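Novice: Here's a structure for you.
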Amino acid sequence: MQMLKDKIVREGIVLNDQVLKVDSFLNHRVDPGLMQAIGQAFAAAFAESRIDLVLTLESSGIAPALMAAMALGVPLVFARKQLSLTMRDDLYVEPVYSFTKQQQSQVAVSRKFLTEGQSVLIVDDFLAHGEAAFGMARIVEAAGARVAGIGIVIEKSFQSGRAKLTEAGYRVESLARIASLSGNRVEFVE
Ligand code: G4P
């Protein structure tokens, strides 16, 4: 997606050869016009898939996932990392390890918002090692629902996530694929 790649080149900050900071439009401040275009791109990519629900993980997945849900005309559910007092029972819970934060968290979705037979599009802001996407996929499958695909805003193709997800049989659609962050610059997969 050219608009996204241009934005990454203009505003992305390469912190080191593993991490790209995009807090000016995705992870802190959010660019609504860009999110809308991202949502439309996901909807177009999965137009043939009869999606019932978009699932993401709080917090940075919510903006692009909401726009995808809007474009597809379906609800959005975001998996929670913090369990509130009102979310005690009837949950699907899966552990997700974050390499970036080097900690494991439990992510949860209420059983009443994810039901058997649904076709689910998983959306996330970054794909690194695939831990978050696998965690969400396990939740979908625990519910007896089906993962129609995984939509990623920024994929770091030099890390292992895409290979592991496609090997496991999931369809991955990434709007920007980064081949390398070496030498302080962003190189995209052609
Ligand atoms: P994984 O899920 O693909 O295995 O990724 P990893 O554990 O490495 O990522 C953990 C968190 O760090 C995720 O956000 C992910 O989106 C984010 N992340 C991974 N690589 C990058 C990167 O290069 N740049 C930025 N800006 N973020 C990255 P999170 O902990 O769920 O945070 P948030 O959604 O609450 O913001």
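Chain labels follow the order of the structure tokens: the first chain is A, the next B, and so on; residue numbering restarts at 1 in every chain, and ligands are counted from 1 in their shown order.
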Using only C-alpha atoms and all ligand atoms, which residues have at least one atom no more than 9 Å from ligand 1? Output them as a ChimeraX atom specification.

Specialist: /A:14-23,26-28,57-62,81,96-103,124-135,154-156,159-162

Novice: Would you export the selected residues with C-alpha atoms as a PDB file, in the first residue's frame, please?

Specialist:
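Once everything was written out, this is again-v8.pdb:
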ATOM      1  CA  VAL A  14      14.350   3.428  12.889  1.00  0.00           C
ATOM      2  CA  LEU A  15      15.278   2.859  16.535  1.00  0.00           C
ATOM      3  CA  ASN A  16      17.647   0.012  15.737  1.00  0.00           C
ATOM      4  CA  ASP A  17      17.823  -2.813  13.176  1.00  0.00           C
ATOM      5  CA  GLN A  18      14.846  -4.558  14.845  1.00  0.00           C
ATOM      6  CA  VAL A  19      12.408  -1.807  15.804  1.00  0.00           C
ATOM      7  CA  LEU A  20      10.562   0.871  13.833  1.00  0.00           C
ATOM      8  CA  LYS A  21       8.852   3.657  15.741  1.00  0.00           C
ATOM      9  CA  VAL A  22       5.628   4.894  14.151  1.00  0.00           C
ATOM     10  CA  ASP A  23       4.029   6.723  17.033  1.00  0.00           C
ATOM     11  CA  LEU A  26      -0.208   4.423  14.437  1.00  0.00           C
ATOM     12  CA  ASN A  27       1.031   3.696  17.963  1.00  0.00           C
ATOM     13  CA  HIS A  28       0.320   6.934  19.822  1.00  0.00           C
ATOM     14  CA  LEU A  57      -5.591  -7.028  20.402  1.00  0.00           C
ATOM     15  CA  GLU A  58      -5.632  -3.833  22.428  1.00  0.00           C
ATOM     16  CA  SER A  59      -4.356  -1.194  22.109  1.00  0.00           C
ATOM     17  CA  SER A  60      -2.634  -0.305  18.839  1.00  0.00           C
ATOM     18  CA  GLY A  61      -4.537  -2.842  16.765  1.00  0.00           C
ATOM     19  CA  ILE A  62      -7.836  -1.138  17.501  1.00  0.00           C
ATOM     20  CA  LYS A  81      -4.796  -7.679  28.072  1.00  0.00           C
ATOM     21  CA  VAL A  96       0.927 -14.328  24.529  1.00  0.00           C
ATOM     22  CA  TYR A  97       4.662 -13.793  24.883  1.00  0.00           C
ATOM     23  CA  SER A  98       6.027 -10.410  23.812  1.00  0.00           C
ATOM     24  CA  PHE A  99       9.622 -10.478  22.568  1.00  0.00           C
ATOM     25  CA  THR A 100       9.655  -6.694  22.555  1.00  0.00           C
ATOM     26  CA  LYS A 101       8.573  -6.428  26.176  1.00  0.00           C
ATOM     27  CA  GLN A 102      10.040  -9.785  27.208  1.00  0.00           C
ATOM     28  CA  GLN A 103       7.012 -10.706  29.189  1.00  0.00           C
ATOM     29  CA  ASP A 124      -2.872  -6.246  14.075  1.00  0.00           C
ATOM     30  CA  ASP A 125      -0.593  -3.247  13.747  1.00  0.00           C
ATOM     31  CA  PHE A 126       2.756  -5.088  13.670  1.00  0.00           C
ATOM     32  CA  LEU A 127       3.849  -8.594  12.797  1.00  0.00           C
ATOM     33  CA  ALA A 128       7.154  -9.519  14.368  1.00  0.00           C
ATOM     34  CA  HIS A 129       7.392 -13.067  15.701  1.00  0.00           C
ATOM     35  CA  GLY A 130       3.716 -13.793  15.320  1.00  0.00           C
ATOM     36  CA  GLU A 131       3.002 -14.390  18.989  1.00  0.00           C
ATOM     37  CA  ALA A 132       0.022 -12.036  19.159  1.00  0.00           C
ATOM     38  CA  ALA A 133      -1.493 -13.385  15.930  1.00  0.00           C
ATOM     39  CA  PHE A 134      -1.068 -16.993  17.069  1.00  0.00           C
ATOM     40  CA  GLY A 135      -2.640 -16.147  20.435  1.00  0.00           C
ATOM     41  CA  ILE A 154       3.382  -3.366   9.109  1.00  0.00           C
ATOM     42  CA  GLU A 155       5.148  -6.682   8.729  1.00  0.00           C
ATOM     43  CA  LYS A 156       8.802  -7.020   9.642  1.00  0.00           C
ATOM     44  CA  GLN A 159      11.511 -11.672  11.648  1.00  0.00           C
ATOM     45  CA  SER A 160       9.849 -15.050  11.892  1.00  0.00           C
ATOM     46  CA  GLY A 161       6.120 -14.237  12.158  1.00  0.00           C
ATOM     47  CA  ARG A 162       4.981 -14.497   8.536  1.00  0.00           C
TER      48      ARG A 162
END

Novice: Residues within 8 Å of Ala65 (chain A), please, as JSON, numbers by chain. Count only C-alpha atoms; anything in the same chain fewer than 2 positions from it doesn't count.

Specialist: {"A": [39, 54, 55, 56, 61, 62, 63, 67, 68, 69, 76, 123, 124]}

Novice: Residues of region 65-136 of chain A in strand (DSSP E or B) according to DSSP, as a PyMOL selection string?

Specialist: chain A and resi 76-80+91-98+103-110+119-127

Novice: Using C-alpha atoms, can you export the residues from the last selection as a compact mmCIF listing (two decimals), in the first residue's frame?

Specialist:
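Writing done, so here's result-v4.txt:
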# COMPACT_ATOMS: atom_id res chain seq x y z
CA LEU A 76 -14.99 -5.47 15.93
CA VAL A 77 -13.88 -7.33 19.05
CA PHE A 78 -10.61 -6.41 20.70
CA ALA A 79 -8.96 -8.97 22.92
CA ARG A 80 -8.15 -7.55 26.35
CA LEU A 91 -13.63 -15.99 28.77
CA TYR A 92 -11.33 -17.53 26.23
CA VAL A 93 -7.86 -16.85 27.64
CA GLU A 94 -4.52 -17.50 25.93
CA PRO A 95 -0.95 -16.63 26.93
CA VAL A 96 0.93 -14.33 24.53
CA TYR A 97 4.66 -13.79 24.88
CA SER A 98 6.03 -10.41 23.81
CA GLN A 103 7.01 -10.71 29.19
CA GLN A 104 4.05 -13.00 28.91
CA SER A 105 0.53 -11.67 29.24
CA GLN A 106 -2.86 -13.32 29.23
CA VAL A 107 -5.20 -12.13 26.50
CA ALA A 108 -8.91 -12.68 26.81
CA VAL A 109 -12.11 -12.51 24.78
CA SER A 110 -15.58 -12.94 26.18
CA SER A 119 -15.42 -16.49 10.00
CA VAL A 120 -12.93 -14.15 11.67
CA LEU A 121 -10.43 -11.67 10.24
CA ILE A 122 -7.55 -11.06 12.67
CA VAL A 123 -5.97 -7.60 12.34
CA ASP A 124 -2.87 -6.25 14.07
CA ASP A 125 -0.59 -3.25 13.75
CA PHE A 126 2.76 -5.09 13.67
CA LEU A 127 3.85 -8.59 12.80

Novice: As an NGL selection string, please: the residues near region 115-118 of chain A (cut-off 10 Å, only C-alpha atoms, same-chain neighbours under 2 positions excluded).

Specialist: :A and (50-53 or 110-113 or 120-121 or 140-148)

Novice: Counting only C-alpha atoms, figure out which residue out of A:Ala176, A:Ile8, A:Ile139, A:Ala43 gets nearest to Ile152 (chain A).

Specialist: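 Result for the nearest residue to Ile152 (chain A): A:Ala176.
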
Novice: So which bits of chain A end up alpha helix (DSSP H) when you DSSP the backbone, as number ranges by chain?

Specialist: A: 2-11, 32-45, 62-72, 131-142, 161-167

Novice: Neighbouring residues of Phe42 (chain A) were defined as those with any atom within 8 Å, considering only C-alpha atoms; residues of the same chain fewer than 2 positions away were excluded. Please report them as a list in words.

Specialist: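 After dropping sequence-adjacent residues, the list is Ile38, Gly39, Gln40, Ala44, Ala45, Phe46, Ala68, Gly151 and Glu173 of chain A.
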
Novice: Taking N, CA, C and O atoms for each residue, export the selection above as an mmCIF file, in the first residue's frame.

Specialist:
data_model
loop_
_atom_site.group_PDB
_atom_site.id
_atom_site.type_symbol
_atom_site.label_atom_id
_atom_site.label_comp_id
_atom_site.auth_asym_id
_atom_site.auth_seq_id
_atom_site.Cartn_x
_atom_site.Cartn_y
_atom_site.Cartn_z
ATOM 1 N N ILE A 38 -6.443 2.118 5.207
ATOM 2 C CA ILE A 38 -5.970 0.795 5.641
ATOM 3 C C ILE A 38 -7.167 -0.154 5.791
ATOM 4 O O ILE A 38 -7.134 -1.302 5.343
ATOM 5 N N GLY A 39 -8.223 0.342 6.416
ATOM 6 C CA GLY A 39 -9.427 -0.480 6.592
ATOM 7 C C GLY A 39 -10.000 -0.906 5.248
ATOM 8 O O GLY A 39 -10.395 -2.067 5.056
ATOM 9 N N GLN A 40 -10.007 0.021 4.293
ATOM 10 C CA GLN A 40 -10.540 -0.301 2.953
ATOM 11 C C GLN A 40 -9.644 -1.328 2.250
ATOM 12 O O GLN A 40 -10.139 -2.211 1.548
ATOM 13 N N ALA A 44 -10.867 -4.939 0.961
ATOM 14 C CA ALA A 44 -10.716 -5.373 -0.438
ATOM 15 C C ALA A 44 -9.978 -6.712 -0.503
ATOM 16 O O ALA A 44 -10.356 -7.604 -1.268
ATOM 17 N N ALA A 45 -8.940 -6.854 0.323
ATOM 18 C CA ALA A 45 -8.142 -8.091 0.291
ATOM 19 C C ALA A 45 -8.977 -9.305 0.710
ATOM 20 O O ALA A 45 -8.746 -10.416 0.233
ATOM 21 N N PHE A 46 -9.942 -9.080 1.616
ATOM 22 C CA PHE A 46 -10.729 -10.210 2.126
ATOM 23 C C PHE A 46 -12.188 -10.168 1.644
ATOM 24 O O PHE A 46 -13.060 -10.770 2.252
ATOM 25 N N ALA A 68 -11.237 -1.515 9.397
ATOM 26 C CA ALA A 68 -11.487 -2.711 8.577
ATOM 27 C C ALA A 68 -12.909 -3.214 8.835
ATOM 28 O O ALA A 68 -13.651 -3.571 7.904
ATOM 29 N N GLY A 151 -4.690 -9.867 8.802
ATOM 30 C CA GLY A 151 -4.349 -8.606 8.140
ATOM 31 C C GLY A 151 -3.394 -7.824 9.030
ATOM 32 O O GLY A 151 -3.693 -7.537 10.192
ATOM 33 N N GLU A 173 -2.054 -11.167 4.993
ATOM 34 C CA GLU A 173 -2.030 -10.029 4.068
ATOM 35 C C GLU A 173 -1.447 -8.838 4.810
ATOM 36 O O GLU A 173 -2.055 -8.328 5.748
#

Novice: I want to know what sits within 12 Å of Phe25 (chain A), based on only C-alpha atoms, with residues of the same chain fewer than 4 positions away left out; could you give that as a list in words?

Specialist: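 Returned residues: Leu4, Lys7, Ile8, Arg10, Glu11, Gly12, Ile13, Lys21, Arg29, Val30, Asp31, Pro32, Gly33, Leu34, Met35, Ser60, Ala63, Pro64, Asp125 and Val153 of chain A.
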
Novice: For a test of reading the model, state the distance in Å between CA of Ala168 (chain A) and CA of Gln2 (chain A), rounded to one decimal.

Specialist: 28.5 Å

Novice: Counting only C-alpha atoms, which residue out of A:Met3, A:Ala37, A:Met136, A:Ala179 sits closest to Gly149 (chain A)?

Specialist: A:Met136

Novice: Nearest residue to Ala71 (chain A) out of A:Gln36, A:Glu48, A:Asp90, A:Arg185, using only C-alpha atoms?

Specialist: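 Closest to Ala71 (chain A) of all the choices is A:Gln36.
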